[in-house]
Amino acid sequence: MSELQIPAVIADFIDVVNAHDEEGFLNAFTSGGVVDDWGREFTGREAIKAWSDKEFIGATGVLTPEEVTTEGDRITVIGDWASNYANGRSSFAFDLDGDRIGRMTIREG
């Protein structure tokens, strides 16, 4: 299997998530960053942290990327998500704002 070509900002983000680094995770977003988790939107650092404490970093999740596509400033990573909260193949679409994430949209992979 060939090495996935994951843009550095997203590869670094996945490493931070898989290391359960809450500070690094939160710092990856712009100040007005948004997480859209299956239609539930969390905007800004405090809202993202509250969501993540239960469902993402706090659930000690690990993302194993399987597919990556890039269209302009949107990078989509499809992979296996395993955590104490939810599991399964998921799609993570990242809309970049410079070297930060403006929006992360999570859907079924």
# chains A, B, ... in the order shown; residues from 1 in each chain; ligands from 1

$ select_by_dssp --residues "chain A" --states "strand (DSSP E or B)" --output "compact mmCIF listing (two decimals) with N, CA, C and O atoms, in the first residue's frame"
# COMPACT_ATOMS: atom_id res chain seq x y z
N PHE A 29 -7.17 24.97 15.49
CA PHE A 29 -8.30 25.69 14.92
C PHE A 29 -8.08 27.20 14.95
O PHE A 29 -7.41 27.72 15.84
N THR A 30 -8.72 27.89 14.00
CA THR A 30 -8.76 29.35 14.06
C THR A 30 -9.59 29.75 15.28
O THR A 30 -10.33 28.93 15.84
N SER A 31 -9.53 31.03 15.67
CA SER A 31 -10.28 31.47 16.86
C SER A 31 -11.78 31.26 16.69
O SER A 31 -12.49 30.98 17.66
N GLY A 32 -12.28 31.36 15.47
CA GLY A 32 -13.71 31.13 15.22
C GLY A 32 -13.97 29.79 14.59
O GLY A 32 -14.98 29.59 13.91
N GLY A 33 -13.06 28.86 14.81
CA GLY A 33 -13.17 27.54 14.20
C GLY A 33 -14.47 26.83 14.55
O GLY A 33 -15.08 27.10 15.59
N VAL A 34 -14.87 25.93 13.66
CA VAL A 34 -16.13 25.20 13.82
C VAL A 34 -15.87 23.71 13.67
O VAL A 34 -15.15 23.27 12.77
N VAL A 35 -16.49 22.93 14.57
CA VAL A 35 -16.58 21.48 14.39
C VAL A 35 -18.04 21.18 14.07
O VAL A 35 -18.93 21.59 14.81
N ASP A 36 -18.26 20.51 12.95
CA ASP A 36 -19.59 20.07 12.55
C ASP A 36 -19.58 18.55 12.66
O ASP A 36 -19.04 17.86 11.82
N ASP A 37 -20.17 18.05 13.74
CA ASP A 37 -20.20 16.61 14.02
C ASP A 37 -21.60 16.09 13.68
O ASP A 37 -22.51 16.20 14.49
N ARG A 40 -24.28 18.72 14.16
CA ARG A 40 -24.20 19.50 15.40
C ARG A 40 -22.97 20.37 15.29
O ARG A 40 -21.87 19.86 15.09
N GLU A 41 -23.16 21.69 15.39
CA GLU A 41 -22.04 22.62 15.22
C GLU A 41 -21.56 23.18 16.54
O GLU A 41 -22.37 23.57 17.39
N PHE A 42 -20.24 23.22 16.69
CA PHE A 42 -19.59 23.76 17.87
C PHE A 42 -18.61 24.82 17.38
O PHE A 42 -17.68 24.49 16.65
N THR A 43 -18.83 26.07 17.77
CA THR A 43 -18.05 27.19 17.26
C THR A 43 -17.22 27.82 18.36
O THR A 43 -17.74 28.13 19.43
N VAL A 62 -8.56 7.48 18.21
CA VAL A 62 -7.44 7.31 17.30
C VAL A 62 -8.00 7.24 15.88
O VAL A 62 -8.91 6.44 15.60
N LEU A 63 -7.45 8.08 15.00
CA LEU A 63 -7.84 8.08 13.59
C LEU A 63 -6.75 7.40 12.77
O LEU A 63 -5.59 7.80 12.84
N THR A 64 -7.14 6.38 12.03
CA THR A 64 -6.22 5.70 11.11
C THR A 64 -6.65 6.04 9.69
O THR A 64 -7.63 5.49 9.18
N PRO A 65 -5.94 6.98 9.03
CA PRO A 65 -6.34 7.41 7.69
C PRO A 65 -6.23 6.29 6.66
O PRO A 65 -5.28 5.51 6.68
N GLU A 66 -7.24 6.22 5.78
CA GLU A 66 -7.26 5.23 4.71
C GLU A 66 -7.30 5.88 3.33
O GLU A 66 -6.78 5.32 2.37
N GLU A 67 -7.94 7.05 3.23
CA GLU A 67 -8.03 7.77 1.96
C GLU A 67 -7.89 9.26 2.25
O GLU A 67 -8.35 9.73 3.28
N VAL A 68 -7.29 9.99 1.30
CA VAL A 68 -7.15 11.44 1.43
C VAL A 68 -7.41 12.08 0.08
O VAL A 68 -6.91 11.62 -0.94
N THR A 69 -8.24 13.12 0.09
CA THR A 69 -8.45 13.91 -1.13
C THR A 69 -8.27 15.38 -0.78
O THR A 69 -8.58 15.81 0.33
N THR A 70 -7.77 16.15 -1.75
CA THR A 70 -7.58 17.58 -1.58
C THR A 70 -8.27 18.31 -2.72
O THR A 70 -8.04 17.98 -3.89
N GLU A 71 -9.12 19.26 -2.38
CA GLU A 71 -9.78 20.12 -3.36
C GLU A 71 -9.66 21.54 -2.86
O GLU A 71 -10.37 21.93 -1.94
N ARG A 74 -9.85 22.50 0.91
CA ARG A 74 -10.56 21.45 1.66
C ARG A 74 -9.79 20.13 1.50
O ARG A 74 -9.53 19.68 0.40
N ILE A 75 -9.46 19.55 2.65
CA ILE A 75 -8.78 18.26 2.67
C ILE A 75 -9.72 17.29 3.37
O ILE A 75 -10.21 17.58 4.47
N THR A 76 -9.99 16.17 2.73
CA THR A 76 -10.88 15.17 3.33
C THR A 76 -10.09 13.91 3.62
O THR A 76 -9.41 13.39 2.74
N VAL A 77 -10.17 13.48 4.86
CA VAL A 77 -9.51 12.24 5.29
C VAL A 77 -10.61 11.26 5.68
O VAL A 77 -11.45 11.57 6.51
N ILE A 78 -10.60 10.10 5.05
CA ILE A 78 -11.52 9.04 5.42
C ILE A 78 -10.69 7.96 6.08
O ILE A 78 -9.64 7.57 5.59
N GLY A 79 -11.17 7.52 7.23
CA GLY A 79 -10.40 6.51 7.95
C GLY A 79 -11.21 5.88 9.06
O GLY A 79 -12.38 6.20 9.29
N ASP A 80 -10.54 5.00 9.77
CA ASP A 80 -11.17 4.30 10.87
C ASP A 80 -11.00 5.13 12.13
O ASP A 80 -9.89 5.50 12.50
N TRP A 81 -12.12 5.44 12.79
CA TRP A 81 -12.11 6.17 14.05
C TRP A 81 -12.44 5.20 15.17
O TRP A 81 -13.47 4.53 15.12
N ALA A 82 -11.58 5.10 16.15
CA ALA A 82 -11.80 4.21 17.28
C ALA A 82 -11.65 5.01 18.55
O ALA A 82 -10.61 5.63 18.78
N ASN A 87 -17.25 4.68 17.24
CA ASN A 87 -16.28 3.94 16.42
C ASN A 87 -16.81 3.78 15.01
O ASN A 87 -18.01 3.79 14.79
N GLY A 88 -15.88 3.60 14.08
CA GLY A 88 -16.30 3.29 12.72
C GLY A 88 -15.61 4.16 11.69
O GLY A 88 -14.92 5.13 12.00
N ARG A 89 -15.83 3.78 10.45
CA ARG A 89 -15.26 4.51 9.32
C ARG A 89 -15.93 5.87 9.23
O ARG A 89 -17.16 5.97 9.21
N SER A 90 -15.12 6.90 9.24
CA SER A 90 -15.64 8.26 9.25
C SER A 90 -14.91 9.13 8.25
O SER A 90 -13.77 8.85 7.88
N SER A 91 -15.60 10.18 7.82
CA SER A 91 -15.02 11.18 6.93
C SER A 91 -14.80 12.45 7.72
O SER A 91 -15.72 12.94 8.40
N PHE A 92 -13.59 12.96 7.66
CA PHE A 92 -13.23 14.23 8.31
C PHE A 92 -12.84 15.20 7.20
O PHE A 92 -11.80 15.01 6.56
N ALA A 93 -13.67 16.22 6.95
CA ALA A 93 -13.35 17.23 5.94
C ALA A 93 -12.84 18.46 6.67
O ALA A 93 -13.49 18.96 7.60
N PHE A 94 -11.69 18.93 6.26
CA PHE A 94 -11.05 20.09 6.89
C PHE A 94 -11.02 21.24 5.90
O PHE A 94 -10.49 21.09 4.80
N ASP A 95 -11.59 22.37 6.30
CA ASP A 95 -11.48 23.59 5.52
C ASP A 95 -10.41 24.44 6.18
O ASP A 95 -10.57 24.86 7.33
N LEU A 96 -9.33 24.65 5.44
CA LEU A 96 -8.18 25.36 6.00
C LEU A 96 -8.31 26.86 5.84
O LEU A 96 -8.89 27.35 4.87
N ASP A 97 -7.77 27.56 6.81
CA ASP A 97 -7.65 29.01 6.79
C ASP A 97 -6.19 29.27 7.08
O ASP A 97 -5.77 29.30 8.24
N ARG A 100 -4.21 26.91 9.68
CA ARG A 100 -5.11 26.49 10.77
C ARG A 100 -6.38 25.91 10.16
O ARG A 100 -6.68 26.13 8.98
N ILE A 101 -7.14 25.24 10.98
CA ILE A 101 -8.40 24.64 10.54
C ILE A 101 -9.53 25.61 10.85
O ILE A 101 -9.72 26.00 12.01
N GLY A 102 -10.26 26.00 9.81
CA GLY A 102 -11.42 26.87 10.01
C GLY A 102 -12.67 26.06 10.32
O GLY A 102 -13.54 26.50 11.05
N ARG A 103 -12.73 24.86 9.74
CA ARG A 103 -13.90 24.00 9.94
C ARG A 103 -13.51 22.54 9.77
O ARG A 103 -12.77 22.21 8.85
N MET A 104 -14.00 21.71 10.68
CA MET A 104 -13.83 20.26 10.56
C MET A 104 -15.24 19.67 10.53
O MET A 104 -16.02 19.85 11.47
N THR A 105 -15.55 18.97 9.45
CA THR A 105 -16.88 18.37 9.29
C THR A 105 -16.74 16.87 9.34
O THR A 105 -15.98 16.28 8.56
N ILE A 106 -17.47 16.25 10.27
CA ILE A 106 -17.40 14.80 10.46
C ILE A 106 -18.69 14.17 9.96
O ILE A 106 -19.79 14.60 10.33
N ARG A 107 -18.53 13.17 9.11
CA ARG A 107 -19.66 12.43 8.58
C ARG A 107 -19.29 10.95 8.46
O ARG A 107 -18.14 10.57 8.67
N GLU A 108 -20.24 10.15 8.04
CA GLU A 108 -19.98 8.74 7.81
C GLU A 108 -18.98 8.60 6.68
O GLU A 108 -19.03 9.32 5.70

$ residues_around --residues "Glu55 in chain A" --least-positions-apart "6" --cutoff "10 Å" --atoms "only C-alpha atoms" --output "JSON, numbers by chain"
{"A": [37, 49, 61, 83, 84, 85, 86]}

$ write_last_selection --atoms "C-alpha atoms" --output "PDB file, in the first residue's frame"
ATOM      1  CA  ASP A  37     -20.197  16.615  14.019  1.00  0.00           C
ATOM      2  CA  LYS A  49     -13.339  21.887  23.964  1.00  0.00           C
ATOM      3  CA  GLY A  61      -9.852   8.503  19.931  1.00  0.00           C
ATOM      4  CA  SER A  83     -12.646   5.780  20.638  1.00  0.00           C
ATOM      5  CA  ASN A  84     -14.448   5.240  23.924  1.00  0.00           C
ATOM      6  CA  TYR A  85     -17.382   7.263  22.532  1.00  0.00           C
ATOM      7  CA  ALA A  86     -17.942   6.280  18.885  1.00  0.00           C
TER       8      ALA A  86
END

$ closest_residue --among "A:Leu26, A:Ala19, A:Ala8, A:Ile14" --to "Ser52 in chain A" --atoms "only C-alpha atoms"
A:Leu26

$ residues_around --residues "Val17 in chain A" --least-positions-apart "4" --cutoff "9 Å" --atoms "only C-alpha atoms" --output "list in words"
Asp12, Phe13, Asp21, Glu22, Gly24, Phe25, Phe56, Ile57, Thr60, Gly61, Val62 and Leu63 of chain A

$ atom_distance --atom1 "CA of Val9 in chain A" --atom2 "CA of Ala28 in chain A"
8.5 Å

$ select_by_dssp --residues "range 20-70 of chain A" --states "alpha helix (DSSP H)" --output "list of chain:residue names"
A:Glu22, A:Glu23, A:Gly24, A:Phe25, A:Leu26, A:Asn27, A:Arg45, A:Glu46, A:Ala47, A:Ile48, A:Lys49, A:Ala50, A:Trp51, A:Ser52, A:Asp53, A:Lys54, A:Glu55

$ write_last_selection --atoms "N, CA, C and O atoms" --output "compact mmCIF listing (two decimals), in the first residue's frame"
# COMPACT_ATOMS: atom_id res chain seq x y z
N GLU A 22 -4.84 17.64 24.02
CA GLU A 22 -5.95 18.58 23.96
C GLU A 22 -5.51 19.98 23.54
O GLU A 22 -6.15 20.60 22.69
N GLU A 23 -4.44 20.48 24.11
CA GLU A 23 -3.97 21.82 23.78
C GLU A 23 -3.61 21.94 22.30
O GLU A 23 -3.99 22.89 21.62
N GLY A 24 -2.86 20.94 21.80
CA GLY A 24 -2.50 20.94 20.39
C GLY A 24 -3.72 20.86 19.48
O GLY A 24 -3.78 21.52 18.43
N PHE A 25 -4.69 20.07 19.88
CA PHE A 25 -5.94 19.93 19.12
C PHE A 25 -6.65 21.28 19.05
O PHE A 25 -7.01 21.75 17.97
N LEU A 26 -6.85 21.92 20.19
CA LEU A 26 -7.55 23.20 20.21
C LEU A 26 -6.79 24.27 19.46
O LEU A 26 -7.38 25.11 18.77
N ASN A 27 -5.47 24.25 19.55
CA ASN A 27 -4.64 25.26 18.87
C ASN A 27 -4.62 25.09 17.36
O ASN A 27 -4.20 26.00 16.64
N ARG A 45 -13.30 28.08 20.57
CA ARG A 45 -12.48 27.20 21.40
C ARG A 45 -13.25 26.54 22.54
O ARG A 45 -13.13 25.34 22.77
N GLU A 46 -14.06 27.32 23.29
CA GLU A 46 -14.76 26.75 24.45
C GLU A 46 -15.77 25.69 24.03
O GLU A 46 -15.88 24.63 24.67
N ALA A 47 -16.53 25.96 22.98
CA ALA A 47 -17.53 25.00 22.53
C ALA A 47 -16.86 23.74 21.97
O ALA A 47 -17.31 22.62 22.23
N ILE A 48 -15.78 23.93 21.22
CA ILE A 48 -15.06 22.77 20.67
C ILE A 48 -14.47 21.94 21.81
O ILE A 48 -14.53 20.71 21.80
N LYS A 49 -13.92 22.61 22.83
CA LYS A 49 -13.34 21.89 23.96
C LYS A 49 -14.41 21.08 24.69
O LYS A 49 -14.20 19.91 25.02
N ALA A 50 -15.58 21.68 24.93
CA ALA A 50 -16.66 20.98 25.65
C ALA A 50 -17.09 19.73 24.88
O ALA A 50 -17.28 18.66 25.46
N TRP A 51 -17.20 19.86 23.56
CA TRP A 51 -17.55 18.71 22.72
C TRP A 51 -16.43 17.66 22.77
O TRP A 51 -16.67 16.47 22.98
N SER A 52 -15.21 18.12 22.59
CA SER A 52 -14.05 17.22 22.52
C SER A 52 -13.80 16.48 23.83
O SER A 52 -13.40 15.31 23.81
N ASP A 53 -14.04 17.15 24.97
CA ASP A 53 -13.79 16.52 26.26
C ASP A 53 -14.56 15.20 26.38
O ASP A 53 -14.07 14.24 26.97
N LYS A 54 -15.75 15.17 25.81
CA LYS A 54 -16.59 13.97 25.91
C LYS A 54 -16.43 13.05 24.69
O LYS A 54 -16.37 11.84 24.83
N GLU A 55 -16.36 13.64 23.49
CA GLU A 55 -16.53 12.85 22.28
C GLU A 55 -15.28 12.69 21.42
O GLU A 55 -15.29 11.91 20.47
